[in-house]
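Inspection log for the structure reproduced underneath, given as structure tokens.
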Amino acid sequence: MKKRMLAIILIFVLVFSLAACSKTEEPKPAEDPATEGGEEEGGEEGGEEEPSDEPEGGEEAPADVQGVTDDKILVGNTAATSGAFAGVGEPFNAGLQAALKVYNDAGGFNGKVVELVHYDDGFDAAQGLTYTKTLVEDDKVFAIVGHFGTNTVGATLDYLKEKGIPMTYAATGISDLYQEGATGNDACIFPVQPIYDAEGRVLLARALAKDGTGLGGTKIGVIATTDDAGNGLIAGVKRQAEEGSFDITYQEVDPAATEYTAALTILKNAGCDVVIACMNQAPFQNVMVSMRDIDYNAKVITSYVSASAAFLSPLVENGAITADRPVYATAWLDVTTEKGYNEMMEFAAGQLAWEAENGIDAANTYSVNSYAMAGWVAGKLFVHGLEEVAAAGKDLTWENYIAAMEGSPFNVPMGGEIDYAGGDRLGITALALNTIGLEVNPETGLCDLLPVSPIMSLDEVWAAQ
């Protein structure tokens, strides 16, 4: 059971990244947020939520906060719940709602329940910005929770920072999210998913680490595509390389190329025994085939976005991955541990309870859906800040919420810890390490993803050189 669920989680990591980063299937934007008709969901009932000038219920909140009344806390997001990405946005919001229900049922924030206002942006950046402004300026939400997709996140970050409104969990890993020592309004952003720049730091640490923690490399080769993913990952590698003196050879390549023999021959001739592939799935596939074609045997490590048995198994079948040319990848969720498994079961119970309350047939449950798990993490992150403010006995304001989020690390359900202290907004850097096996599992028809090293912090991995 646990091994099967690990496969589900790792497939989620791949597919969710693809959905969040793709820019090739964007539905056309609606003309106006107030006239879409039936495509918005508001609150836990999933009905329409019309923009309003004042928060509902109770008296107006203090001037230094909005969306907080005597009986509720309004939060909002804009996500694709129709069109090409509805299969991602719908379960994501369902998981988010399930996490909020658990919190509300336990009493909420001093009796205040959290209510979600949602608009469907069709995965369009311009529409996402329009709806985000509606949420902030008309609905007057307290926070943006579960900010969805590369397009909308990239288009709205500057606006959210200008307003200083808290944003918890971004469903993307774009480099714009990465901040070290953020101050002022910049500190209102709280990403979770691995950010390319931060993951590049982890890739170098794992490439160097010894004793089963990493690949034990002595000469490191880096091949990076000149796109968002490659640029962010190689920036992270170079940032972490500043922490010591290492033998590293860098090669940057065109992400649209179909083979990379020239760049890889340079790494081979330099004697690189570990290759860090800073790129997404398609170029990574071509890297492995090119290594096979030039008979370059070295250990290869790459981003979590390629950690899928379905994606890697064909590379075993065609001889690109072998015992002498093994492939490793990071992972940010792990249910093979007792902690991870128990937290997965907590999610499943919460999801089923929310679905029962909303009349959703058990045959259509999201309790094993990977995108719903992501939404659950987003909801739990937002609630963490509320719990910390309540524990400190303070009023719920933006300033107090941001300070509370920086005050103690957050345990990512089914994952490791993330720490926002000192203004660091790196995304999660506590990642596990997996490899792809070389034998086909007769039950799945695929090679198994095998755990190599559990979730560890960047500092822990870096100390294992």
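Ligands are numbered from 1 in the order shown, chains are lettered A, B, ... in the order of the structure tokens, and residues start at 1 in each chain.
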Fewer than 6 positions away in the same chain doesn't count, so skip those; otherwise give me all residues within 9 Å of Val102 (chain A), counting only C-alpha atoms, as a ChimeraX atom specification. /A:108,350,353-354
Long-range neighbours of region 370-379 of chain A as a count of residues only, 8 Å cut-off, only C-alpha atoms, 3 positions minimum in chain: 27
Find the distance between CA of Ile248 (chain A) and CA of Gly416 (chain A) and write it in Å to one decimal.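 A separation of 28.9 Å between them.
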Running DSSP on the backbone, which parts of region 152-308 of chain A land in strand (DSSP E or B), as a PyMOL selection string? chain A and resi 167-171+179+189-190+220-225+248-253+274-278+299-302
Which polymer residues have any atom within 7 Å of an atom of Cys188 (chain A), counting only C-alpha atoms, with same-chain residues fewer than 6 positions away left out, as a PyMOL selection string? chain A and resi 161+164-167+402
Could those selected residues go to a file with N, CA, C and O atoms, as a short mmCIF file (atom, residue, chain, number, x, y, z; two decimals), in the first residue's frame?
data_model
loop_
_atom_site.label_atom_id
_atom_site.label_comp_id
_atom_site.auth_asym_id
_atom_site.auth_seq_id
_atom_site.Cartn_x
_atom_site.Cartn_y
_atom_site.Cartn_z
N LYS A 161 2.53 42.10 -3.69
CA LYS A 161 3.55 42.75 -2.85
C LYS A 161 3.23 44.23 -2.65
O LYS A 161 3.43 44.77 -1.56
N GLY A 164 0.66 44.22 -0.08
CA GLY A 164 1.10 43.66 1.19
C GLY A 164 0.19 42.58 1.73
O GLY A 164 0.27 42.23 2.91
N ILE A 165 -0.67 42.04 0.88
CA ILE A 165 -1.62 41.02 1.33
C ILE A 165 -0.94 39.65 1.37
O ILE A 165 -0.22 39.27 0.44
N PRO A 166 -1.12 38.87 2.43
CA PRO A 166 -0.47 37.56 2.50
C PRO A 166 -0.92 36.64 1.37
O PRO A 166 -2.11 36.60 1.01
N MET A 167 0.02 35.91 0.80
CA MET A 167 -0.26 34.88 -0.19
C MET A 167 0.40 33.59 0.28
O MET A 167 1.61 33.54 0.44
N ILE A 402 1.95 37.68 9.20
CA ILE A 402 3.27 37.48 8.57
C ILE A 402 4.33 37.18 9.62
O ILE A 402 5.16 36.29 9.45
#
Could you check the closest approach to Ala170 (chain A) for each of A:Ala84, A:Val300, A:Glu417, A:Asn77 and tell me which residue wins, using only C-alpha atoms?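 Among the listed residues, the smallest separation from Ala170 (chain A) belongs to A:Asn77.
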Out of region 119-287 of chain A, which residues get alpha helix (DSSP H) from DSSP, as a tab-separated table (two decimals) with N, CA and C atoms, in the first residue's frame?
chain	number	residue	atom	x	y	z
A	125	ALA	N	-3.32	34.45	-17.70
A	125	ALA	CA	-2.62	35.40	-16.83
A	125	ALA	C	-3.40	36.70	-16.66
A	126	ALA	N	-3.90	37.26	-17.77
A	126	ALA	CA	-4.63	38.53	-17.68
A	126	ALA	C	-5.90	38.37	-16.86
A	127	GLN	N	-6.62	37.25	-17.08
A	127	GLN	CA	-7.82	37.01	-16.31
A	127	GLN	C	-7.49	36.76	-14.84
A	128	GLY	N	-6.37	36.06	-14.59
A	128	GLY	CA	-5.94	35.83	-13.22
A	128	GLY	C	-5.65	37.12	-12.48
A	129	LEU	N	-5.02	38.07	-13.16
A	129	LEU	CA	-4.73	39.36	-12.53
A	129	LEU	C	-6.03	40.12	-12.26
A	130	THR	N	-6.96	40.09	-13.21
A	130	THR	CA	-8.24	40.77	-13.01
A	130	THR	C	-8.98	40.22	-11.79
A	131	TYR	N	-9.04	38.91	-11.70
A	131	TYR	CA	-9.75	38.29	-10.58
A	131	TYR	C	-9.02	38.52	-9.25
A	132	THR	N	-7.69	38.50	-9.29
A	132	THR	CA	-6.95	38.75	-8.06
A	132	THR	C	-7.24	40.15	-7.53
A	133	LYS	N	-7.30	41.11	-8.43
A	133	LYS	CA	-7.65	42.47	-8.02
A	133	LYS	C	-9.08	42.53	-7.48
A	150	THR	N	1.61	28.94	-13.00
A	150	THR	CA	2.68	29.86	-13.40
A	150	THR	C	2.14	31.15	-14.00
A	151	ASN	N	1.14	31.05	-14.87
A	151	ASN	CA	0.64	32.24	-15.55
A	151	ASN	C	0.12	33.28	-14.57
A	152	THR	N	-0.81	32.88	-13.72
A	152	THR	CA	-1.43	33.82	-12.79
A	152	THR	C	-0.47	34.26	-11.70
A	153	VAL	N	0.30	33.34	-11.16
A	153	VAL	CA	1.26	33.71	-10.11
A	153	VAL	C	2.25	34.74	-10.64
A	154	GLY	N	2.81	34.48	-11.81
A	154	GLY	CA	3.79	35.41	-12.38
A	154	GLY	C	3.20	36.78	-12.66
A	155	ALA	N	1.93	36.82	-13.05
A	155	ALA	CA	1.28	38.08	-13.42
A	155	ALA	C	0.84	38.90	-12.21
A	156	THR	N	0.77	38.28	-11.03
A	156	THR	CA	0.18	38.96	-9.87
A	156	THR	C	1.14	39.21	-8.72
A	157	LEU	N	2.34	38.67	-8.76
A	157	LEU	CA	3.25	38.80	-7.62
A	157	LEU	C	3.53	40.26	-7.28
A	158	ASP	N	3.85	41.06	-8.27
A	158	ASP	CA	4.15	42.47	-8.00
A	158	ASP	C	2.95	43.18	-7.38
A	159	TYR	N	1.76	42.88	-7.89
A	159	TYR	CA	0.55	43.49	-7.35
A	159	TYR	C	0.34	43.10	-5.88
A	160	LEU	N	0.50	41.82	-5.57
A	160	LEU	CA	0.29	41.35	-4.20
A	160	LEU	C	1.29	41.98	-3.24
A	161	LYS	N	2.53	42.10	-3.69
A	161	LYS	CA	3.55	42.75	-2.85
A	161	LYS	C	3.23	44.23	-2.65
A	162	GLU	N	2.75	44.87	-3.69
A	162	GLU	CA	2.37	46.28	-3.57
A	162	GLU	C	1.30	46.46	-2.50
A	163	LYS	N	0.33	45.54	-2.47
A	163	LYS	CA	-0.75	45.62	-1.50
A	163	LYS	C	-0.34	45.11	-0.12
A	196	TYR	N	12.74	26.52	-8.43
A	196	TYR	CA	13.89	26.08	-9.21
A	196	TYR	C	15.22	26.51	-8.56
A	197	ASP	N	15.32	27.77	-8.17
A	197	ASP	CA	16.58	28.27	-7.62
A	197	ASP	C	16.98	27.53	-6.36
A	198	ALA	N	16.00	27.24	-5.50
A	198	ALA	CA	16.30	26.52	-4.27
A	198	ALA	C	16.59	25.06	-4.55
A	199	GLU	N	15.86	24.45	-5.48
A	199	GLU	CA	16.10	23.04	-5.77
A	199	GLU	C	17.47	22.84	-6.40
A	200	GLY	N	17.95	23.82	-7.17
A	200	GLY	CA	19.31	23.71	-7.71
A	200	GLY	C	20.34	23.58	-6.60
A	201	ARG	N	20.12	24.28	-5.50
A	201	ARG	CA	21.03	24.18	-4.35
A	201	ARG	C	21.01	22.75	-3.79
A	202	VAL	N	19.81	22.17	-3.71
A	202	VAL	CA	19.68	20.80	-3.20
A	202	VAL	C	20.33	19.81	-4.16
A	203	LEU	N	20.18	20.02	-5.47
A	203	LEU	CA	20.77	19.09	-6.43
A	203	LEU	C	22.28	19.02	-6.29
A	204	LEU	N	22.93	20.18	-6.08
A	204	LEU	CA	24.38	20.14	-5.88
A	204	LEU	C	24.74	19.45	-4.57
A	205	ALA	N	23.98	19.73	-3.53
A	205	ALA	CA	24.24	19.09	-2.24
A	205	ALA	C	24.11	17.58	-2.34
A	206	ARG	N	23.07	17.10	-3.00
A	206	ARG	CA	22.88	15.65	-3.17
A	206	ARG	C	23.94	15.06	-4.09
A	207	ALA	N	24.37	15.80	-5.09
A	207	ALA	CA	25.40	15.30	-6.00
A	207	ALA	C	26.72	15.05	-5.27
A	208	LEU	N	27.00	15.87	-4.27
A	208	LEU	CA	28.27	15.78	-3.54
A	208	LEU	C	28.22	14.87	-2.32
A	228	ASP	N	13.20	28.97	-18.38
A	228	ASP	CA	12.93	29.30	-16.99
A	228	ASP	C	13.42	28.21	-16.03
A	229	ALA	N	13.12	26.97	-16.35
A	229	ALA	CA	13.52	25.87	-15.47
A	229	ALA	C	15.04	25.76	-15.38
A	230	GLY	N	15.69	25.72	-16.53
A	230	GLY	CA	17.15	25.58	-16.54
A	230	GLY	C	17.86	26.75	-15.91
A	231	ASN	N	17.40	27.96	-16.21
A	231	ASN	CA	18.03	29.16	-15.65
A	231	ASN	C	17.90	29.19	-14.14
A	232	GLY	N	16.72	28.83	-13.63
A	232	GLY	CA	16.53	28.83	-12.19
A	232	GLY	C	17.35	27.76	-11.49
A	233	LEU	N	17.36	26.55	-12.04
A	233	LEU	CA	18.10	25.45	-11.42
A	233	LEU	C	19.60	25.71	-11.43
A	234	ILE	N	20.15	26.19	-12.56
A	234	ILE	CA	21.60	26.43	-12.61
A	234	ILE	C	21.98	27.60	-11.69
A	235	ALA	N	21.09	28.57	-11.54
A	235	ALA	CA	21.36	29.67	-10.61
A	235	ALA	C	21.47	29.13	-9.19
A	236	GLY	N	20.62	28.15	-8.86
A	236	GLY	CA	20.70	27.53	-7.54
A	236	GLY	C	21.97	26.75	-7.33
A	237	VAL	N	22.38	26.00	-8.37
A	237	VAL	CA	23.65	25.25	-8.28
A	237	VAL	C	24.80	26.21	-8.02
A	238	LYS	N	24.85	27.30	-8.79
A	238	LYS	CA	25.95	28.27	-8.64
A	238	LYS	C	25.89	28.96	-7.28
A	239	ARG	N	24.68	29.22	-6.79
A	239	ARG	CA	24.54	29.84	-5.47
A	239	ARG	C	25.09	28.91	-4.40
A	240	GLN	N	24.77	27.62	-4.45
A	240	GLN	CA	25.26	26.69	-3.43
A	240	GLN	C	26.76	26.45	-3.58
A	241	ALA	N	27.27	26.53	-4.79
A	241	ALA	CA	28.71	26.32	-5.02
A	241	ALA	C	29.55	27.39	-4.35
A	261	THR	N	24.87	15.90	-27.70
A	261	THR	CA	26.13	15.15	-27.67
A	261	THR	C	27.34	16.07	-27.50
A	262	ALA	N	27.33	17.25	-28.08
A	262	ALA	CA	28.50	18.14	-28.00
A	262	ALA	C	28.74	18.59	-26.56
A	263	ALA	N	27.69	19.06	-25.89
A	263	ALA	CA	27.83	19.52	-24.51
A	263	ALA	C	28.21	18.37	-23.58
A	264	LEU	N	27.60	17.22	-23.79
A	264	LEU	CA	27.88	16.08	-22.92
A	264	LEU	C	29.27	15.51	-23.16
A	265	THR	N	29.77	15.61	-24.39
A	265	THR	CA	31.15	15.17	-24.66
A	265	THR	C	32.14	16.02	-23.87
A	266	ILE	N	31.86	17.32	-23.73
A	266	ILE	CA	32.72	18.19	-22.91
A	266	ILE	C	32.72	17.72	-21.46
A	267	LEU	N	31.55	17.38	-20.93
A	267	LEU	CA	31.49	16.89	-19.54
A	267	LEU	C	32.19	15.54	-19.41
A	268	LYS	N	32.02	14.69	-20.40
A	268	LYS	CA	32.68	13.38	-20.37
A	268	LYS	C	34.20	13.53	-20.39
A	269	ASN	N	34.71	14.38	-21.28
A	269	ASN	CA	36.15	14.59	-21.38
A	269	ASN	C	36.73	15.26	-20.14
A	281	GLN	N	11.19	17.91	-18.54
A	281	GLN	CA	11.15	16.51	-18.97
A	281	GLN	C	11.68	16.24	-20.38
A	282	ALA	N	11.20	16.98	-21.37
A	282	ALA	CA	11.58	16.68	-22.75
A	282	ALA	C	13.08	16.77	-22.99
A	283	PRO	N	13.74	17.86	-22.61
A	283	PRO	CA	15.19	17.90	-22.81
A	283	PRO	C	15.93	16.87	-21.97
A	284	PHE	N	15.40	16.54	-20.78
A	284	PHE	CA	16.07	15.52	-19.97
A	284	PHE	C	16.08	14.18	-20.69
A	285	GLN	N	14.98	13.85	-21.32
A	285	GLN	CA	14.92	12.62	-22.10
A	285	GLN	C	16.00	12.60	-23.18
A	286	ASN	N	16.18	13.73	-23.86
A	286	ASN	CA	17.19	13.80	-24.91
A	286	ASN	C	18.60	13.75	-24.34
A	287	VAL	N	18.80	14.29	-23.14
A	287	VAL	CA	20.11	14.19	-22.49
A	287	VAL	C	20.47	12.73	-22.25
Residue contacts of Ala79 (chain A) (7 Å, only C-alpha atoms) excluding same-chain residues fewer than 6 positions away, as a PyMOL selection string: chain A and resi 89+119-121+123+148
Output C-alpha atoms of each residue in that selection to a file, as a compact mmCIF listing (two decimals), in the first residue's frame.
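The resulting file, part-v4.txt, is shown below:
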# COMPACT_ATOMS: atom_id res chain seq x y z
CA GLY A 89 -8.04 23.13 -10.41
CA TYR A 119 -13.00 32.68 -9.39
CA ASP A 120 -12.21 30.59 -12.46
CA ASP A 121 -9.41 32.24 -14.46
CA PHE A 123 -5.41 29.43 -16.63
CA PHE A 148 -2.65 28.72 -8.85
